[in-house]
Amino acid sequence: MLFTTLLLLILSIFAANKATQLVYSQNCRELHRRSRRMIIRMFALTVSAVVMGFTVAFLIRDYAAIYWQDRLAALILLILLPVALLWARALPVLRKIRRKTKNMQDAANTPVEAALRGLAADPGLVVPFQMAAVGAGTALYFALVPPVPFRTLDVALPILVYGIAWAALWSRQERRSLAAGNPAWVAERRATRALKGLALLGAAAVIAGAGIFAGLANSRWPAELNMMAGTPDFGGGTAIMHSHGDGGAVAVSAARPEPLTSVTQLTGPRTGEPDRRFVLTAQDAVLTMASGKKVQAWTYNAEGPGPELRMKHGDLVEVTLANKDIEAGVTIHWHGLDVPNAEDGVAGATQNAVMPGETHTYRFRAEQTGTFWYHTHQESKTGVDKGLFGPLIVDPAEPESNSDAKSDLAAVHSSPPVPEEDITVMTHVWDDVGFAIGNHDGVQQRSIAPGTPVRMRFINTDDWVRQKYSLVGTDFRVTTIDGVALNKPDLLQDTHLEITTGGRMEATFIMPETPVFMSVNNSKKLGILITPLNSNSGSAPASVASTDFSIDAAIPEIPQTKAFDPASYGESAETPFDANSSFDRDFTMILDNKMGFFNGTLDMLYTLNGEVAPNTPMYMVREGDLVKTTIINRGSVDHPMHLHGHHLLVLTKNGKPISGSPWWSDTLDVLPGDTYEVAFRADNPGIWMDHCHNLVHAKAGMTMHLMYEGVVTPYTMGTQSGNHPE
């Protein structure tokens with residue numbers, strides 16, 4: 001649609017320019033030839049408009065109105081109306097000119113009479129071509145800055161300018177048509193039209209330049225900004241207490257007069273001996289990959305990835321973060337682990353960034369089991385790219401510990417422990433190295449005894465990479481998504497797992513007596529080869545690792561595979577709520593692209609409800625609310641949407657209910673054209689980021705936040721704050 005609109009704009013500008021020059025034809029032969037070419041150009045514009053019409057028709061056939069209603073309006077008003085006038089008004093005039101000039105004797109030397117010049121300058125001929133260009137330009141503006149969500153002023157102002165242009169051009173062309181019979185006027189205009197055109201272009205450039213300069217200046221982030229400064233969205237529910245971030249709160253619900261709560265009060269247990277204690281030191285270090293390649297990285301504990309943090313469900317965990325020399329500052333965010341708000345590790349929202357020489361201690365109880373990961377949430381795009389991340393595994397506790405569940409989700413997190421081989425597959429793209437599993441940038445080899453249960457934990461850390469993982473040589477089950485167990489998972493074969501940035505899955509299988517290969521992106525150059533452990537090895541360990549084993553010949557052929565579909569996998573089961581529940585809040589989140597300004601730049605932006613941070617909305621909730629969100633991706637790229645502090649139950653995908661196991665997610669990959677309905681219980685008070693985990697998008701403003709009633713933060717972000725959460 002964007003390409004077709006741009007093509008139509010180019011064609012219509014060229015045609016409009018030629019239409020205005022028709023009156024300056026030197027003789028009747030030239031006028032006859034030019035009028036024929038104008039008819040050809042009219043057909044070209046019509047074909048382009050028809051192609052656009054088919055594009056919109058396909059959108060209407062396959063998608064909901066939110067995807068096409070603005071495009072349909074632009075097509076009818078801005079494209080089809082001028083094209084219709086070309087056929088109704090311009091074509092009859094062009095045919096009349098051609099009839100009058102066709103049979104003239106010695107047409108090359110026959111001057112164009114006044115009546116013919118008046119026809120060549122007729123508004124009905126020229127203005128439709130001009131308005132085709134103005135309409136295509138306005139349609140391009142709406143394509144680059146889509147009026148979604150609909151706001152009257154955003155739509156009315158360009159349409160008003162479009163209407164004024166119609167009137168102004170028609171009035172101007174009427175005067176030109178009357179003056180065209182004067183040979184002196186024609187000669188003067190012929191001589192000066194180039195100069196006037198340059199002057200017009202110069203004036204337009206000055207106006208556009210001034211607008212761009214003002215837009216760049218006004219979009220710059222302030223020195224300090226409170227995350228609560230956005231516009232509240234109550235999701236159709238009762239308006240509730242919120243803060244503007246200036247230290248004061250606006251009490252819009254007299255029924256809830258409770259005092260404000262700072263995020264600093266929403267901590268994990270402050271007392272008690274921790275069951276697990278870790279120290280992570282952020283530092284610049286040189287990492288050595290398995291191939292011997294060196295990487296200059298930012299690390300936790302000089303390891304890449306950082307050390308695996310392993311704990312059990314219900315454990316009280318204490319992690320001390322020390323920053324040795326990362327000048328940009330660091331934090332730790334526990335991706336997918338729903339900790340109390342003060343422990344979430346988001347600079348500018350729940351804490352200040354930890355600068356060199358400083359420390360910060362996190363304490364929380366591990367209330368879920370499964371596969372998670374941790375990473376910095378200060379300048380996240382750069383920090384994660386350079387290595388500030390690591391795996392986090394929560395194993396099931398003993399059965400008696402499972403009764404400590406406190407939320408709707410806790411009951412589905414735990415699963416009984418089983419003796420098994422446990423392999424973490426954490427993929428990353430390292431500078432100057434490329435794809436690797438941890439620090440292995442080739443094929444690893446492991447040996448496991450046949451009959452041993454094997455669990456593979458897949459974690460995709462890469463920015464804007466939808467990673468593909470294939471298990472060859474065995475059937476398997478996908479047992480968890482984003483740390484939540486699936487109900488009665490089916491056996492799968494010739495199926496690959498496609499995991500978005502920040503997403504996780506676990507797959508289990510029984511080790512066969514033949515090799516198994518886990519391939520990344522269907523490559524034989526990156527993966528893990530598992531060979532059956534020789535039964536004669538006596539007391540050899542159940543699993544050994546080696547990097548100097550010649551394994552190329554042992555890698556099985558990789559078959560054609562289909563993508564795993566969580567929407568129809570496993571069996572349905574009872575959930576705390578479903579699509580038929582009564583929701584307290586119902587939000588709509590529209591993911592899209594637009595041309596605009598962000599922090600001193602002009603670029604194609606990735607938007608949330610038409611805005612980029614800090615102008616994105618705050619989704620306001622009250623503790624205990626049942627919340628539904630409809631996520632719609634009108635844009636051109638995928639967006640893995642990550643809500644901190646909560647897991648989302650996926651209700652529907654593209655209008656169809658989820659038919660398999662209950663599907664809970666904390667990082668939901670929303671592809672172009674996808675519409676999801678998701679829901680969660682607001683049971684974790686705080687101020688929580690909600691952002692695209694393609695961190696380059698988050699850095700460019702694709703962030704917003706979920707805000708609980710009466711919760712405030714003393715922390716700020718901004719150019720001079722030292723906090724850059726992204």
# chains A, B, ... in the order shown; residues from 1 in each chain; ligands from 1
>>> residues_around(residues="stretch 354-362 of chain A", least_positions_apart="6", cutoff="12 Å", atoms="only C-alpha atoms", output="count of residues only")
52
>>> residues_around(residues="A:Asp395", least_positions_apart="2", cutoff="8 Å", atoms="only C-alpha atoms", output="list in words")
Arg310, Met311, Lys312, His313, Thr369, Gly370, Ile393, Ala397 and Pro417 of chain A
>>> residues_around(residues="A:Thr616", least_positions_apart="6", cutoff="10 Å", atoms="only C-alpha atoms", output="list in words")
Ala229, Gly230, Thr231, Pro232, Asp233, Thr607, Leu608, Asn609, Gly610, Gly701, Met702, Thr703, Met704 and His705 of chain A
>>> atom_distance(atom1="atom CA of A:Trp298", atom2="atom CA of A:Gly383")
7.0 Å
>>> select_by_dssp(residues="stretch 96-190 of chain A", states="helix (DSSP H, G or I)", output="MDAnalysis selection string")
chainID A and resid 96:102 107:109 114:120 123:144 152:179 183:190
>>> residues_around(residues="stretch 204-218 of chain A", least_positions_apart="5", cutoff="7 Å", atoms="only C-alpha atoms", output="list in words")
Phe597, Gly600, Thr601 and Leu602 of chain A
>>> residues_around(residues="A:Thr474", least_positions_apart="4", cutoff="10 Å", atoms="only C-alpha atoms", output="count of residues only")
14
>>> select_by_dssp(residues="stretch 627-710 of chain A", states="strand (DSSP E)", output="MDAnalysis selection string")
chainID A and resid 627:633 639:643 648:653 656:657 664:665 667:670 675:681 687:692 703:708
>>> closest_residue(among="A:Thr371, A:Asn534, A:Gln445, A:Thr575", to="A:Pro662", atoms="only C-alpha atoms")
A:Thr575
>>> atom_distance(atom1="atom CA of A:Tyr67", atom2="atom CA of A:Ile79")
18.3 Å
>>> residues_around(residues="stretch 39-41 of chain A", least_positions_apart="6", cutoff="8 Å", atoms="only C-alpha atoms", output="JSON, numbers by chain")
{"A": [11, 15, 91, 94]}
>>> write_last_selection(atoms="N, CA and C atoms", output="PDB file, in the first residue's frame")
ATOM      1  N   LEU A  11       3.800   9.513 -10.174  1.00  0.00           N
ATOM      2  CA  LEU A  11       3.126   9.592 -11.474  1.00  0.00           C
ATOM      3  C   LEU A  11       2.209  10.805 -11.551  1.00  0.00           C
ATOM      4  N   ALA A  15       2.298  13.986 -14.030  1.00  0.00           N
ATOM      5  CA  ALA A  15       1.143  14.256 -14.895  1.00  0.00           C
ATOM      6  C   ALA A  15       0.588  15.651 -14.645  1.00  0.00           C
ATOM      7  N   LEU A  91     -11.016  13.934 -19.442  1.00  0.00           N
ATOM      8  CA  LEU A  91     -11.016  13.163 -20.681  1.00  0.00           C
ATOM      9  C   LEU A  91     -11.862  13.818 -21.778  1.00  0.00           C
ATOM     10  N   LEU A  94      -9.819  16.688 -23.227  1.00  0.00           N
ATOM     11  CA  LEU A  94      -8.675  16.205 -24.011  1.00  0.00           C
ATOM     12  C   LEU A  94      -9.143  15.679 -25.371  1.00  0.00           C
TER      13      LEU A  94
END
>>> atom_distance(atom1="atom CA of A:Ile530", atom2="atom CA of A:Phe458")
15.9 Å
>>> residues_around(residues="A:Pro672", least_positions_apart="3", cutoff="7 Å", atoms="only C-alpha atoms", output="number ranges by chain")
A: 633-638
>>> decode(residues="stretch 128-177 of chain A", atoms="C-alpha atoms", output="short mmCIF file (atom, residue, chain, number, x, y, z; two decimals), in the first residue's frame")
data_model
loop_
_atom_site.label_atom_id
_atom_site.label_comp_id
_atom_site.auth_asym_id
_atom_site.auth_seq_id
_atom_site.Cartn_x
_atom_site.Cartn_y
_atom_site.Cartn_z
CA PRO A 128 -8.13 16.85 -11.57
CA PHE A 129 -4.51 16.04 -12.44
CA GLN A 130 -3.29 18.50 -9.81
CA MET A 131 -5.68 17.13 -7.21
CA ALA A 132 -4.60 13.59 -8.02
CA ALA A 133 -1.13 14.71 -6.94
CA VAL A 134 -2.44 16.54 -3.85
CA GLY A 135 -4.65 13.54 -2.98
CA ALA A 136 -1.79 11.07 -3.39
CA GLY A 137 0.39 13.30 -1.23
CA THR A 138 -2.28 13.44 1.47
CA ALA A 139 -2.79 9.67 1.22
CA LEU A 140 0.98 9.20 1.60
CA TYR A 141 0.87 11.41 4.69
CA PHE A 142 -1.88 9.23 6.17
CA ALA A 143 0.15 6.12 5.27
CA LEU A 144 3.22 7.53 7.03
CA VAL A 145 1.24 9.05 9.91
CA PRO A 146 -1.83 6.80 10.16
CA PRO A 147 -4.82 8.33 11.99
CA VAL A 148 -5.11 5.32 14.32
CA PRO A 149 -6.45 5.46 16.96
CA PHE A 150 -8.92 7.87 15.37
CA ARG A 151 -8.65 11.47 16.56
CA THR A 152 -10.85 14.03 14.81
CA LEU A 153 -8.25 16.79 14.58
CA ASP A 154 -5.58 14.45 13.20
CA VAL A 155 -7.89 13.56 10.30
CA ALA A 156 -9.81 16.81 9.86
CA LEU A 157 -6.81 19.12 9.46
CA PRO A 158 -5.20 17.35 6.45
CA ILE A 159 -8.64 16.89 4.84
CA LEU A 160 -9.38 20.60 5.38
CA VAL A 161 -6.08 21.51 3.70
CA TYR A 162 -6.99 19.14 0.87
CA GLY A 163 -10.36 20.84 0.39
CA ILE A 164 -8.80 24.33 0.47
CA ALA A 165 -6.30 23.18 -2.15
CA TRP A 166 -9.19 22.10 -4.41
CA ALA A 167 -10.84 25.51 -4.17
CA ALA A 168 -7.61 27.47 -4.55
CA LEU A 169 -6.37 25.50 -7.57
CA TRP A 170 -9.76 25.65 -9.29
CA SER A 171 -10.02 29.42 -8.79
CA ARG A 172 -6.46 29.95 -9.99
CA GLN A 173 -6.98 27.77 -13.05
CA GLU A 174 -10.18 29.58 -14.01
CA ARG A 175 -8.20 32.83 -14.14
CA ARG A 176 -5.49 31.15 -16.22
CA SER A 177 -8.08 29.78 -18.62
#
